[in-house]
$ cat structure.txt   # compact mmCIF, N, CA and C atoms and all ligand atoms
# COMPACT_ATOMS: atom_id res chain seq x y z
N MET A 75 86.60 89.78 90.38
CA MET A 75 86.27 90.59 91.56
C MET A 75 84.91 90.20 92.09
N ALA A 76 84.89 89.74 93.30
CA ALA A 76 83.62 89.37 93.89
C ALA A 76 83.29 90.34 95.03
N ALA A 77 82.44 91.26 94.73
CA ALA A 77 82.02 92.18 95.79
C ALA A 77 81.11 91.45 96.75
N LYS A 78 81.27 91.74 98.01
CA LYS A 78 80.41 91.08 98.99
C LYS A 78 79.17 91.91 99.26
N GLU A 79 78.10 91.19 99.39
CA GLU A 79 76.87 91.86 99.76
C GLU A 79 76.95 92.28 101.21
N LYS A 80 76.40 93.39 101.51
CA LYS A 80 76.33 93.79 102.92
C LYS A 80 75.03 94.50 103.21
N SER A 81 74.78 94.62 104.48
CA SER A 81 73.54 95.24 104.91
C SER A 81 73.85 96.49 105.71
N CYS A 82 73.24 97.56 105.32
CA CYS A 82 73.41 98.84 106.02
C CYS A 82 72.95 98.72 107.47
N LEU A 83 73.77 99.20 108.39
CA LEU A 83 73.38 99.13 109.80
C LEU A 83 72.37 100.20 110.17
N ASN A 84 72.22 101.15 109.32
CA ASN A 84 71.29 102.23 109.60
C ASN A 84 69.88 101.90 109.12
N CYS A 85 69.76 101.45 107.87
CA CYS A 85 68.42 101.22 107.32
C CYS A 85 68.20 99.79 106.84
N ARG A 86 69.26 98.95 106.93
CA ARG A 86 69.18 97.53 106.59
C ARG A 86 69.08 97.22 105.10
N THR A 87 69.24 98.20 104.26
CA THR A 87 69.30 97.93 102.83
C THR A 87 70.46 96.98 102.52
N ILE A 88 70.22 96.02 101.64
CA ILE A 88 71.29 95.14 101.19
C ILE A 88 71.87 95.72 99.90
N TYR A 89 73.17 95.85 99.86
CA TYR A 89 73.78 96.49 98.69
C TYR A 89 75.22 96.02 98.49
N PHE A 90 75.73 96.30 97.31
CA PHE A 90 77.15 96.14 97.01
C PHE A 90 77.75 97.53 96.92
N GLY A 91 79.00 97.65 97.32
CA GLY A 91 79.65 98.95 97.09
C GLY A 91 80.13 99.59 98.37
N ASP A 92 80.44 100.85 98.26
CA ASP A 92 81.11 101.55 99.35
C ASP A 92 80.17 102.13 100.37
N LYS A 93 79.02 102.56 99.92
CA LYS A 93 78.08 103.14 100.88
C LYS A 93 76.66 102.83 100.47
N CYS A 94 75.81 102.94 101.44
CA CYS A 94 74.42 102.59 101.23
C CYS A 94 73.77 103.50 100.19
N PRO A 95 73.18 102.91 99.15
CA PRO A 95 72.53 103.73 98.12
C PRO A 95 71.22 104.33 98.61
N ASN A 96 70.73 103.83 99.72
CA ASN A 96 69.44 104.31 100.22
C ASN A 96 69.60 105.51 101.15
N CYS A 97 70.49 105.40 102.13
CA CYS A 97 70.61 106.48 103.11
C CYS A 97 71.98 107.14 103.09
N GLY A 98 72.95 106.53 102.37
CA GLY A 98 74.26 107.18 102.25
C GLY A 98 75.20 106.90 103.41
N GLU A 99 74.75 106.10 104.37
CA GLU A 99 75.61 105.77 105.50
C GLU A 99 76.61 104.69 105.09
N THR A 100 77.74 104.63 105.75
CA THR A 100 78.74 103.63 105.42
C THR A 100 78.82 102.44 106.38
N PRO A 101 78.42 102.55 107.65
CA PRO A 101 78.52 101.36 108.50
C PRO A 101 77.62 100.25 107.97
N ALA A 102 78.21 99.08 107.74
CA ALA A 102 77.45 97.97 107.19
C ALA A 102 78.01 96.67 107.71
N SER A 103 77.22 95.63 107.61
CA SER A 103 77.64 94.33 108.08
C SER A 103 77.50 93.29 106.98
N GLU A 104 78.47 92.40 106.89
CA GLU A 104 78.36 91.32 105.91
C GLU A 104 77.68 90.11 106.52
N SER A 105 77.44 90.17 107.82
CA SER A 105 76.81 89.02 108.47
C SER A 105 75.38 89.34 108.85
N PHE A 106 74.56 89.44 107.83
CA PHE A 106 73.14 89.68 108.10
C PHE A 106 72.36 88.39 107.89
N LYS A 107 71.18 88.35 108.42
CA LYS A 107 70.37 87.13 108.33
C LYS A 107 69.04 87.43 107.67
N GLY A 108 68.72 86.64 106.67
CA GLY A 108 67.43 86.76 106.04
C GLY A 108 67.36 88.00 105.17
N ARG A 109 66.42 87.98 104.27
CA ARG A 109 66.23 89.15 103.43
C ARG A 109 64.80 89.23 102.98
N ILE A 110 64.34 90.43 102.81
CA ILE A 110 62.99 90.60 102.28
C ILE A 110 63.02 91.64 101.18
N HIS A 111 62.12 91.48 100.25
CA HIS A 111 61.94 92.47 99.21
C HIS A 111 60.72 93.32 99.55
N ILE A 112 60.92 94.59 99.55
CA ILE A 112 59.79 95.50 99.73
C ILE A 112 59.49 96.13 98.37
N PHE A 113 58.29 95.89 97.88
CA PHE A 113 57.95 96.42 96.56
C PHE A 113 57.09 97.67 96.67
N ASP A 114 56.29 97.71 97.70
CA ASP A 114 55.41 98.86 97.87
C ASP A 114 55.38 99.22 99.35
N SER A 115 56.37 99.97 99.76
CA SER A 115 56.59 100.20 101.18
C SER A 115 55.39 100.88 101.85
N GLU A 116 54.64 101.64 101.08
CA GLU A 116 53.52 102.35 101.71
C GLU A 116 52.37 101.41 102.04
N LYS A 117 52.31 100.28 101.34
CA LYS A 117 51.21 99.36 101.58
C LYS A 117 51.65 98.09 102.27
N SER A 118 52.95 97.92 102.45
CA SER A 118 53.47 96.67 102.99
C SER A 118 53.45 96.67 104.51
N GLU A 119 52.77 95.66 105.07
CA GLU A 119 52.76 95.54 106.52
C GLU A 119 54.15 95.22 107.05
N MET A 120 54.86 94.39 106.30
CA MET A 120 56.22 94.02 106.67
C MET A 120 57.10 95.28 106.77
N ALA A 121 56.97 96.13 105.81
CA ALA A 121 57.75 97.37 105.82
C ALA A 121 57.39 98.22 107.03
N GLU A 122 56.11 98.25 107.33
CA GLU A 122 55.67 99.04 108.47
C GLU A 122 56.23 98.46 109.76
N ASN A 123 56.16 97.14 109.89
CA ASN A 123 56.69 96.49 111.09
C ASN A 123 58.18 96.74 111.26
N MET A 124 58.89 96.78 110.16
CA MET A 124 60.33 96.95 110.24
C MET A 124 60.74 98.41 110.13
N LYS A 125 59.77 99.28 110.07
CA LYS A 125 60.03 100.71 109.96
C LYS A 125 60.87 101.05 108.73
N ILE A 126 60.52 100.40 107.65
CA ILE A 126 61.19 100.67 106.37
C ILE A 126 60.26 101.54 105.55
N ASN A 127 60.77 102.61 105.02
CA ASN A 127 59.90 103.48 104.24
C ASN A 127 60.39 103.72 102.83
N SER A 128 61.13 102.73 102.31
CA SER A 128 61.48 102.81 100.90
C SER A 128 61.48 101.40 100.31
N ASP A 129 61.43 101.31 98.99
CA ASP A 129 61.41 100.00 98.34
C ASP A 129 62.83 99.48 98.18
N GLY A 130 62.95 98.17 98.13
CA GLY A 130 64.27 97.60 97.92
C GLY A 130 64.40 96.28 98.63
N GLU A 131 65.65 95.86 98.79
CA GLU A 131 65.93 94.59 99.44
C GLU A 131 66.58 94.89 100.79
N PHE A 132 66.04 94.26 101.83
CA PHE A 132 66.49 94.58 103.17
C PHE A 132 66.81 93.31 103.96
N ALA A 133 67.79 93.43 104.84
CA ALA A 133 68.12 92.33 105.74
C ALA A 133 67.10 92.32 106.88
N ILE A 134 66.72 91.12 107.28
CA ILE A 134 65.80 91.02 108.41
C ILE A 134 66.55 91.29 109.71
N LYS A 135 67.75 90.74 109.79
CA LYS A 135 68.59 90.99 110.97
C LYS A 135 70.00 91.27 110.52
N SER A 136 70.61 92.29 111.07
CA SER A 136 72.03 92.50 110.80
C SER A 136 72.70 92.94 112.08
N LYS A 137 73.96 92.61 112.20
CA LYS A 137 74.68 93.02 113.38
C LYS A 137 76.14 93.25 113.04
ZN ZN B 201 71.29 102.67 104.64
$ encode --input "structure.txt" --output "structure tokens" --more "lines below"
Ligand SMILES: [Zn+2]
Amino acid sequence: MAAKEKSCLNCRTIYFGDKCPNCGETPASESFKGRIHIFDSEKSEMAENMKINSDGEFAIKSK
């Protein structure tokens, strides 16, 4: 069984499974581009720019 990675369309978290573990939303895309790791969202400029306020792995672009 090969689960496909997908990116939440709501918060851009990259995850496997049925729904986003971060926000609980189900709309997701398997065709996302790029990924970043946020380790300390409160101090990360990248997180601030992308309006991400939790730690984890996120797609840079998803559609
Ligand atoms: Zn989400």
$ residues_near_ligand --input "structure.txt" --ligand "ligand ZN 201 (chain B)" --cutoff "5 Å" --atoms "all atoms listed in the file" --output "list of chain:residue names"
A:Cys82, A:Asn84, A:Cys85, A:Arg86, A:Thr87, A:Cys94, A:Asn96, A:Cys97, A:Gly98, A:Glu99
$ residues_around --input "structure.txt" --residues "Ser115 of chain A" --least-positions-apart "3" --cutoff "8 Å" --atoms "all atoms listed in the file" --output "PyMOL selection string"
chain A and resi 111-112+118-122+126-130
$ write_last_selection --input "structure.txt" --atoms "N, CA and C atoms" --output "PDB file, keeping the file's coordinate frame"
ATOM      1  N   HIS A 111      62.120  91.480 100.250  1.00  0.00           N
ATOM      2  CA  HIS A 111      61.940  92.470  99.210  1.00  0.00           C
ATOM      3  C   HIS A 111      60.720  93.320  99.550  1.00  0.00           C
ATOM      4  N   ILE A 112      60.920  94.590  99.550  1.00  0.00           N
ATOM      5  CA  ILE A 112      59.790  95.500  99.730  1.00  0.00           C
ATOM      6  C   ILE A 112      59.490  96.130  98.370  1.00  0.00           C
ATOM      7  N   SER A 118      52.950  97.920 102.450  1.00  0.00           N
ATOM      8  CA  SER A 118      53.470  96.670 102.990  1.00  0.00           C
ATOM      9  C   SER A 118      53.450  96.670 104.510  1.00  0.00           C
ATOM     10  N   GLU A 119      52.770  95.660 105.070  1.00  0.00           N
ATOM     11  CA  GLU A 119      52.760  95.540 106.520  1.00  0.00           C
ATOM     12  C   GLU A 119      54.150  95.220 107.050  1.00  0.00           C
ATOM     13  N   MET A 120      54.860  94.390 106.300  1.00  0.00           N
ATOM     14  CA  MET A 120      56.220  94.020 106.670  1.00  0.00           C
ATOM     15  C   MET A 120      57.100  95.280 106.770  1.00  0.00           C
ATOM     16  N   ALA A 121      56.970  96.130 105.810  1.00  0.00           N
ATOM     17  CA  ALA A 121      57.750  97.370 105.820  1.00  0.00           C
ATOM     18  C   ALA A 121      57.390  98.220 107.030  1.00  0.00           C
ATOM     19  N   GLU A 122      56.110  98.250 107.330  1.00  0.00           N
ATOM     20  CA  GLU A 122      55.670  99.040 108.470  1.00  0.00           C
ATOM     21  C   GLU A 122      56.230  98.460 109.760  1.00  0.00           C
ATOM     22  N   ILE A 126      60.520 100.400 107.650  1.00  0.00           N
ATOM     23  CA  ILE A 126      61.190 100.670 106.370  1.00  0.00           C
ATOM     24  C   ILE A 126      60.260 101.540 105.550  1.00  0.00           C
ATOM     25  N   ASN A 127      60.770 102.610 105.020  1.00  0.00           N
ATOM     26  CA  ASN A 127      59.900 103.480 104.240  1.00  0.00           C
ATOM     27  C   ASN A 127      60.390 103.720 102.830  1.00  0.00           C
ATOM     28  N   SER A 128      61.130 102.730 102.310  1.00  0.00           N
ATOM     29  CA  SER A 128      61.480 102.810 100.900  1.00  0.00           C
ATOM     30  C   SER A 128      61.480 101.400 100.310  1.00  0.00           C
ATOM     31  N   ASP A 129      61.430 101.310  98.990  1.00  0.00           N
ATOM     32  CA  ASP A 129      61.410 100.000  98.340  1.00  0.00           C
ATOM     33  C   ASP A 129      62.830  99.480  98.180  1.00  0.00           C
ATOM     34  N   GLY A 130      62.950  98.170  98.130  1.00  0.00           N
ATOM     35  CA  GLY A 130      64.270  97.600  97.920  1.00  0.00           C
ATOM     36  C   GLY A 130      64.400  96.280  98.630  1.00  0.00           C
TER      37      GLY A 130
END
$ atom_distance --input "structure.txt" --atom1 "atom CA of Met124 of chain A" --atom2 "atom N of Lys78 of chain A"
24.8 Å
$ atom_distance --input "structure.txt" --atom1 "atom N of Lys117 of chain A" --atom2 "atom N of Lys93 of chain A"
26.8 Å
$ residues_near_point --input "structure.txt" --point "(84.6, 90.5, 109.9)" --cutoff "12 Å" --atoms "only C-alpha atoms" --output "PyMOL selection string"
chain A and resi 78+80+102-106+137
$ select_by_dssp --input "structure.txt" --residues "chain A" --states "strand (DSSP E or B)" --output "list of chain:residue names"
A:Lys80, A:Ser81, A:Cys82, A:Thr87, A:Ile88, A:Tyr89, A:Ala102, A:Ser103, A:Phe106, A:Lys107, A:Gly108, A:Arg109, A:Ile110, A:His111, A:Ile112, A:Gly130, A:Glu131, A:Phe132, A:Ala133, A:Ile134, A:Lys135, A:Ser136
$ closest_residue --input "structure.txt" --among "A:Ile110, A:Pro95, A:Leu83, A:Glu116" --to "Ala133 of chain A" --atoms "only N, CA and C atoms"
A:Ile110
$ atom_distance --input "structure.txt" --atom1 "atom CA of Phe132 of chain A" --atom2 "atom CA of Lys107 of chain A"
9.9 Å
$ axis_aligned_box --input "structure.txt" --around "segment 75-92 of chain A" --padding-each-side "5 Å" --output "lines of an AutoDock Vina configuration file"
center_x = 77.4
center_y = 95.8
center_z = 100.3
size_x = 28.4
size_y = 22.9
size_z = 29.8
